[in-house]
Amino acid sequence: MITKHSAIALSAALLGLGLLLSGPIRAELTALVGATVHPVSSEAIEHGVVLIEDGLILAVGADLEIPEQATIVDLDGLHLYPGFVHPGTQLGLTEISSVAGTVDTAEMGSINAAVRVEVAFNHDSELLPTSIAGGVLHAHVVPAGGLIRGTSAIMRLDGWSWEEMVVHSPAAMHMAFPPGAASDEDNEDLALINETLEQARHWHAAEQAAERGEAARPPRNDQLQALGPLLAGEVALAIHANGIDVIEAALDWAEQQQFEQLILVANADVQYAAERLAGSGTAVILRGVHSLPVRRWEPYDMAFVAAARLHDAGVQFAISDSGGGMDVANARNLPFHAGSAAAHGLARDAALKSVTLWPAEILGVGDRLGSIEPGKQASLFASTNDPLEPMTQIQHVWIDGVEYDLTRDRGRRLYERYRARTLQAR
Amino acid sequence: MRKTILALAVFFTLSLPATADWTPDIEAWNSPQPDQPAAVIVRNATVWTADEAGVLENVDLLVRNGRIAAIGEALDAPRGAVEIDAAGKHVTPGIIDAHSHAAILGGVNEGSRINTSDVRIRDVIDAESINIYRQLAGGVTTINLLHGSANAIGGQMAVIKMRWGADPAGLVFEAAPEGIKFALGENPKQSNWGAEEARYPQTRHGVEQVIRELFQQAADYRAAHENHPSGRAGRDRVPPRPNHQLAAVAEVVYGERDVHSHAYRADEMLALMRVAEAFDFTIQTFQHALEGYKIGPQMAAHGAGASVFIDWWAFKYEAIDGIGFNPALMHEAGVLTGLHSDNAELARRMNLEAAKAVRYGGVDPHDALKMITAFPAEQLGVGDRTGRLAAGLDADFVIWNGHPLSTYSAVEQTWVDGRRYFDREADQRMRAALAEERSELIALALASEEPAAENGETAANDDEFSPGRRTRTASFATHLTGYRASELDHDEYCLLHDH
């Protein structure tokens, strides 16, 4: 059976093990009081209370009765927001991009369907505490090598090993649509993708026939086997395409292939396909608001307005950064991409959702992350003000109900050490 | 076609100054320089002076002949002054970017010798780089065009004002003192080049040695020229051989040319300051200076400024200790600290970089604004001309529709020398006109296209022609991309080397 192939079973087992390790050992009750609570899924609550039990949000409201045994945390004057969910990044896979030994972002070769990123997720990366200090508490970690690139995972950015940090895997099978296929129907890369998918369909048909005892088992092939959940519609295809001609060609192709769940990861040109995407119900991960216009003659704000164009057309979308390069170490700047979209036509509440609730929903964890609601994971932060404003400071972070030590951020450690030195020298 | 040409002709004839002998190419967004009104008055604004006057609410800003004439309550304006109602809006000085490569033709690096002090950016200014217009839309009015960081001693920089529509010479900020780019660390020692043949030096101590030796050679060179007898005595002796490299380095050693040195680590910055002190001059700024906070007191004592990325880090090993708190700490230590872009995209939102100085270390918002205005102006030696809003200074200012450090704010107008180079409303009108022109041009191009004629073949005699084959005209869009090779080259280069 396709649905029970071993990669999925292994992932599920690992996830189960992770839950056991981090599971409900304590029955702790915490009440965060005094702050303005911004649930994202509903209106802000002034002087709200968030009750947390065993890492989950138990209740949210203005006049909640606080149980006697609860630990009370007074957050008067601060604002509570759900942690940001990064919609696509190489966090955990790279440390210093110019030092090859620290980089595990892109496997070689064209067909890497059997690659799964979570096993290379460096849980002690220095980049993770810095991201957390910026309010980014979960991330969709994405592989980058080849045409069919393997599976991504939603990771909690704090933990003692990758196993217990996996929130959801596989989140999607990733594919880079070959740019050349936009103008050449005989494109060799696309032919290879088509051929691979066709082989995978045959391989799984043969495998099912073998299960039924009607045929001999086909030769083992990890790449073809790994494509099973995608072909069975159990896993989304995240198709990466930049440039409107490539985006259009990718959408044409995906329609022919009839994938059940499709996510388009694209640059600002995606705004030119907004009507079509709204019509087909395809979700979009926008690769960055802080980008130059794609063409010289386009208006200066071409990339700033892309999110607003998607929203106005009714497209389901999340705002990301470029996901690689300089943006990995600065995943903490994700909210400012959303802020700039809001400065250029996107409603402020939509901007906030585009980096919290919407990425969680698009990536299959909308029932656990992205808002402050009963039953969701208590991963949230307290800030001095609106967190889409760069002037705002984040003062407390809770991940699954446990307050995070923000001095783990390399920047804050160095700051405290050298501030003492600077004052001493004066 | 006739209509388009006529429209273009009318557009340029009407707006071209009679004296101009240089015309921008016919490309989108290019336009002649706007006029300079005799007087401009901006009414009822919140004015961030980036000066001792602080932030003034509900005041007027009066500009006469390109200079700020007065800032105050209910000012009288001359008859015929351009009136701007700025109630509810904020006015700041124009943004100064002390580290840019945004308007350079050809390559940014002369990546050959370890010392290329003889090459000059002012010879290769790209006056039509679309970056100029886009950065005006982000409130930038002055930028420092620097070479890349391939060489320990790079080339001579050019400070330009964003006078969109002016010719290359007209962009040059005439008041700016001469300066030169230096570079320390991984780039000049070729850590990430993958070069087949190594070039000396390959270590930080080698870089320091090269610079020290060049300083001595340049001092000797200057001395040899100065000691060459003048008049009758010198006539019969062969003068020292001219050397443009050493001549430029001698200007550095004699304090006639400011050093702006790319550097990341504390050790290399300290080393360069000590070499400069041995030759009795001061390093004007360190660029990037990610570890400046580790030696703030030493930098302040030497008198070096710092021009930094506020939060870029970890993209190479020498950037591992980069922290957002760096500007706050250096500012506290008394270092003249500014924020730079080094990136044509980032340059369009420097106000949000300044906002991060409030986030990381609690810098006062007005001081944070100075980090992108008054302080970089001072670093570039133009602090008595721009970077602040005070009577007598150039009328380089920005009108924002909200708090200038807020993510939700946008630039409404950008003025340089009392000329309105960016106006959001005019931009909206221009994009409508461009869209119309573009669709006309595309229609004309499509109408003139023969089917399958791209390879000089026609459908009739093409054996491989198949009627079912899909032909896309999408490549037409890429023909219209219109970026200059230099703009694209630099982006590619940056990824490999520069930052």
# chains A, B, ... in the order shown; residues from 1 in each chain; ligands from 1
call {"tool": "interface_residues", "arguments": {"of": "chain A", "to": "chain B", "cutoff": "9 Å", "atoms": "only C-alpha atoms", "output": "MDAnalysis selection string"}}
result
chainID A and resid 95:99 127 182:185 244:245 290:292 294:301 325:330 336 339:344 348 388:394 410:412 414:415 418:419 421:423 425:426
call {"tool": "write_last_selection", "arguments": {"atoms": "C-alpha atoms", "output": "mmCIF file, in the first residue's frame"}}
result
data_model
loop_
_atom_site.group_PDB
_atom_site.id
_atom_site.type_symbol
_atom_site.label_atom_id
_atom_site.label_comp_id
_atom_site.auth_asym_id
_atom_site.auth_seq_id
_atom_site.Cartn_x
_atom_site.Cartn_y
_atom_site.Cartn_z
ATOM 1 C CA GLU A 95 25.253 28.008 9.651
ATOM 2 C CA ILE A 96 27.756 30.116 7.715
ATOM 3 C CA SER A 97 26.967 30.058 4.021
ATOM 4 C CA SER A 98 30.571 30.635 2.904
ATOM 5 C CA VAL A 99 31.863 27.688 4.942
ATOM 6 C CA LEU A 127 20.850 30.896 14.151
ATOM 7 C CA ALA A 182 8.422 28.007 -19.885
ATOM 8 C CA SER A 183 9.436 28.501 -23.496
ATOM 9 C CA ASP A 184 10.365 24.974 -24.595
ATOM 10 C CA GLU A 185 7.978 22.092 -24.405
ATOM 11 C CA ILE A 244 5.504 35.019 -14.539
ATOM 12 C CA ASP A 245 6.213 32.910 -17.619
ATOM 13 C CA HIS A 290 11.859 43.239 0.391
ATOM 14 C CA SER A 291 12.851 42.642 -3.214
ATOM 15 C CA LEU A 292 13.674 44.842 -6.158
ATOM 16 C CA VAL A 294 11.775 42.054 -11.336
ATOM 17 C CA ARG A 295 12.120 44.356 -14.378
ATOM 18 C CA ARG A 296 13.639 47.783 -14.776
ATOM 19 C CA TRP A 297 10.478 49.353 -16.090
ATOM 20 C CA GLU A 298 8.240 48.167 -13.286
ATOM 21 C CA PRO A 299 7.169 50.596 -10.531
ATOM 22 C CA TYR A 300 9.523 50.891 -7.556
ATOM 23 C CA ASP A 301 6.936 49.276 -5.268
ATOM 24 C CA GLY A 325 21.287 33.332 1.318
ATOM 25 C CA MET A 326 21.431 36.310 3.658
ATOM 26 C CA ASP A 327 17.833 35.720 4.723
ATOM 27 C CA VAL A 328 18.528 32.545 6.676
ATOM 28 C CA ALA A 329 20.497 34.221 9.459
ATOM 29 C CA ASN A 330 17.948 37.027 9.360
ATOM 30 C CA PHE A 336 9.125 43.315 8.646
ATOM 31 C CA GLY A 339 5.009 45.224 7.686
ATOM 32 C CA SER A 340 6.248 46.602 4.392
ATOM 33 C CA ALA A 341 3.393 44.841 2.593
ATOM 34 C CA ALA A 342 1.049 46.614 5.004
ATOM 35 C CA ALA A 343 2.670 49.954 4.177
ATOM 36 C CA HIS A 344 1.770 49.259 0.550
ATOM 37 C CA ARG A 348 -2.625 45.247 8.843
ATOM 38 C CA LEU A 388 5.620 44.207 12.614
ATOM 39 C CA GLU A 389 7.324 47.446 13.706
ATOM 40 C CA PRO A 390 11.129 47.133 13.794
ATOM 41 C CA MET A 391 11.226 49.549 16.757
ATOM 42 C CA THR A 392 9.337 47.025 18.897
ATOM 43 C CA GLN A 393 11.252 44.894 21.385
ATOM 44 C CA ILE A 394 10.393 41.294 22.170
ATOM 45 C CA ARG A 410 24.305 35.032 20.620
ATOM 46 C CA GLY A 411 23.601 38.713 19.942
ATOM 47 C CA ARG A 412 22.234 39.338 23.432
ATOM 48 C CA LEU A 414 27.711 39.431 23.259
ATOM 49 C CA TYR A 415 25.783 42.639 23.936
ATOM 50 C CA TYR A 418 30.638 44.019 25.793
ATOM 51 C CA ARG A 419 28.238 46.548 27.287
ATOM 52 C CA ARG A 421 33.192 46.312 29.073
ATOM 53 C CA THR A 422 32.178 49.578 27.353
ATOM 54 C CA LEU A 423 30.790 51.027 30.598
ATOM 55 C CA ALA A 425 36.122 51.729 29.959
ATOM 56 C CA ARG A 426 34.296 55.039 30.326
#
call {"tool": "select_by_dssp", "arguments": {"residues": "range 117-314 of chain B", "states": "strand (DSSP E or B)", "output": "ChimeraX atom specification"}}
result
/B:120,125,140-145,153-156,158-161,172,179-183,258-263,285-288,305-308
call {"tool": "select_by_dssp", "arguments": {"residues": "range 196-287 of chain B", "states": "alpha helix (DSSP H)", "output": "MDAnalysis selection string"}}
result
chainID B and resid 204:227 231:235 244:253 266:278
call {"tool": "write_last_selection", "arguments": {"atoms": "C-alpha atoms", "output": "short mmCIF file (atom, residue, chain, number, x, y, z; two decimals), in the first residue's frame"}}
result
data_model
loop_
_atom_site.label_atom_id
_atom_site.label_comp_id
_atom_site.auth_asym_id
_atom_site.auth_seq_id
_atom_site.Cartn_x
_atom_site.Cartn_y
_atom_site.Cartn_z
CA ARG B 204 45.22 39.26 7.93
CA HIS B 205 48.75 39.94 9.06
CA GLY B 206 49.81 39.89 5.41
CA VAL B 207 47.14 42.52 4.63
CA GLU B 208 48.42 44.71 7.44
CA GLN B 209 51.99 44.30 6.19
CA VAL B 210 51.07 45.24 2.61
CA ILE B 211 49.29 48.39 3.77
CA ARG B 212 52.13 49.40 6.09
CA GLU B 213 54.69 48.93 3.32
CA LEU B 214 52.58 50.90 0.83
CA PHE B 215 52.20 53.76 3.29
CA GLN B 216 55.97 53.93 3.67
CA GLN B 217 56.53 53.75 -0.10
CA ALA B 218 53.97 56.50 -0.62
CA ALA B 219 55.53 58.71 2.03
CA ASP B 220 58.92 58.17 0.38
CA TYR B 221 57.39 58.92 -3.01
CA ARG B 222 55.90 62.20 -1.79
CA ALA B 223 59.19 63.10 -0.12
CA ALA B 224 61.13 62.40 -3.31
CA HIS B 225 58.84 64.73 -5.25
CA GLU B 226 58.93 67.41 -2.61
CA ASN B 227 62.70 67.15 -2.37
CA GLY B 231 63.80 76.16 -10.49
CA ARG B 232 67.25 76.12 -12.03
CA ALA B 233 68.57 73.39 -9.70
CA GLY B 234 65.83 70.95 -10.68
CA ARG B 235 65.98 71.61 -14.37
CA HIS B 244 49.45 57.26 -9.81
CA GLN B 245 49.05 54.49 -7.25
CA LEU B 246 51.62 55.89 -4.84
CA ALA B 247 50.45 59.44 -5.46
CA ALA B 248 46.94 58.49 -4.28
CA VAL B 249 48.25 56.55 -1.27
CA ALA B 250 50.45 59.53 -0.40
CA GLU B 251 47.31 61.66 -0.24
CA VAL B 252 46.03 59.17 2.31
CA VAL B 253 49.19 59.31 4.40
CA ALA B 266 38.08 43.87 15.86
CA ASP B 267 41.69 42.73 15.35
CA GLU B 268 41.98 44.01 11.79
CA MET B 269 40.37 47.36 12.60
CA LEU B 270 42.64 47.87 15.57
CA ALA B 271 45.66 46.99 13.42
CA LEU B 272 44.78 49.52 10.71
CA MET B 273 44.22 52.27 13.28
CA ARG B 274 47.65 51.60 14.77
CA VAL B 275 49.33 51.70 11.34
CA ALA B 276 47.56 54.98 10.55
CA GLU B 277 48.64 56.40 13.91
CA ALA B 278 52.24 55.49 13.12
#
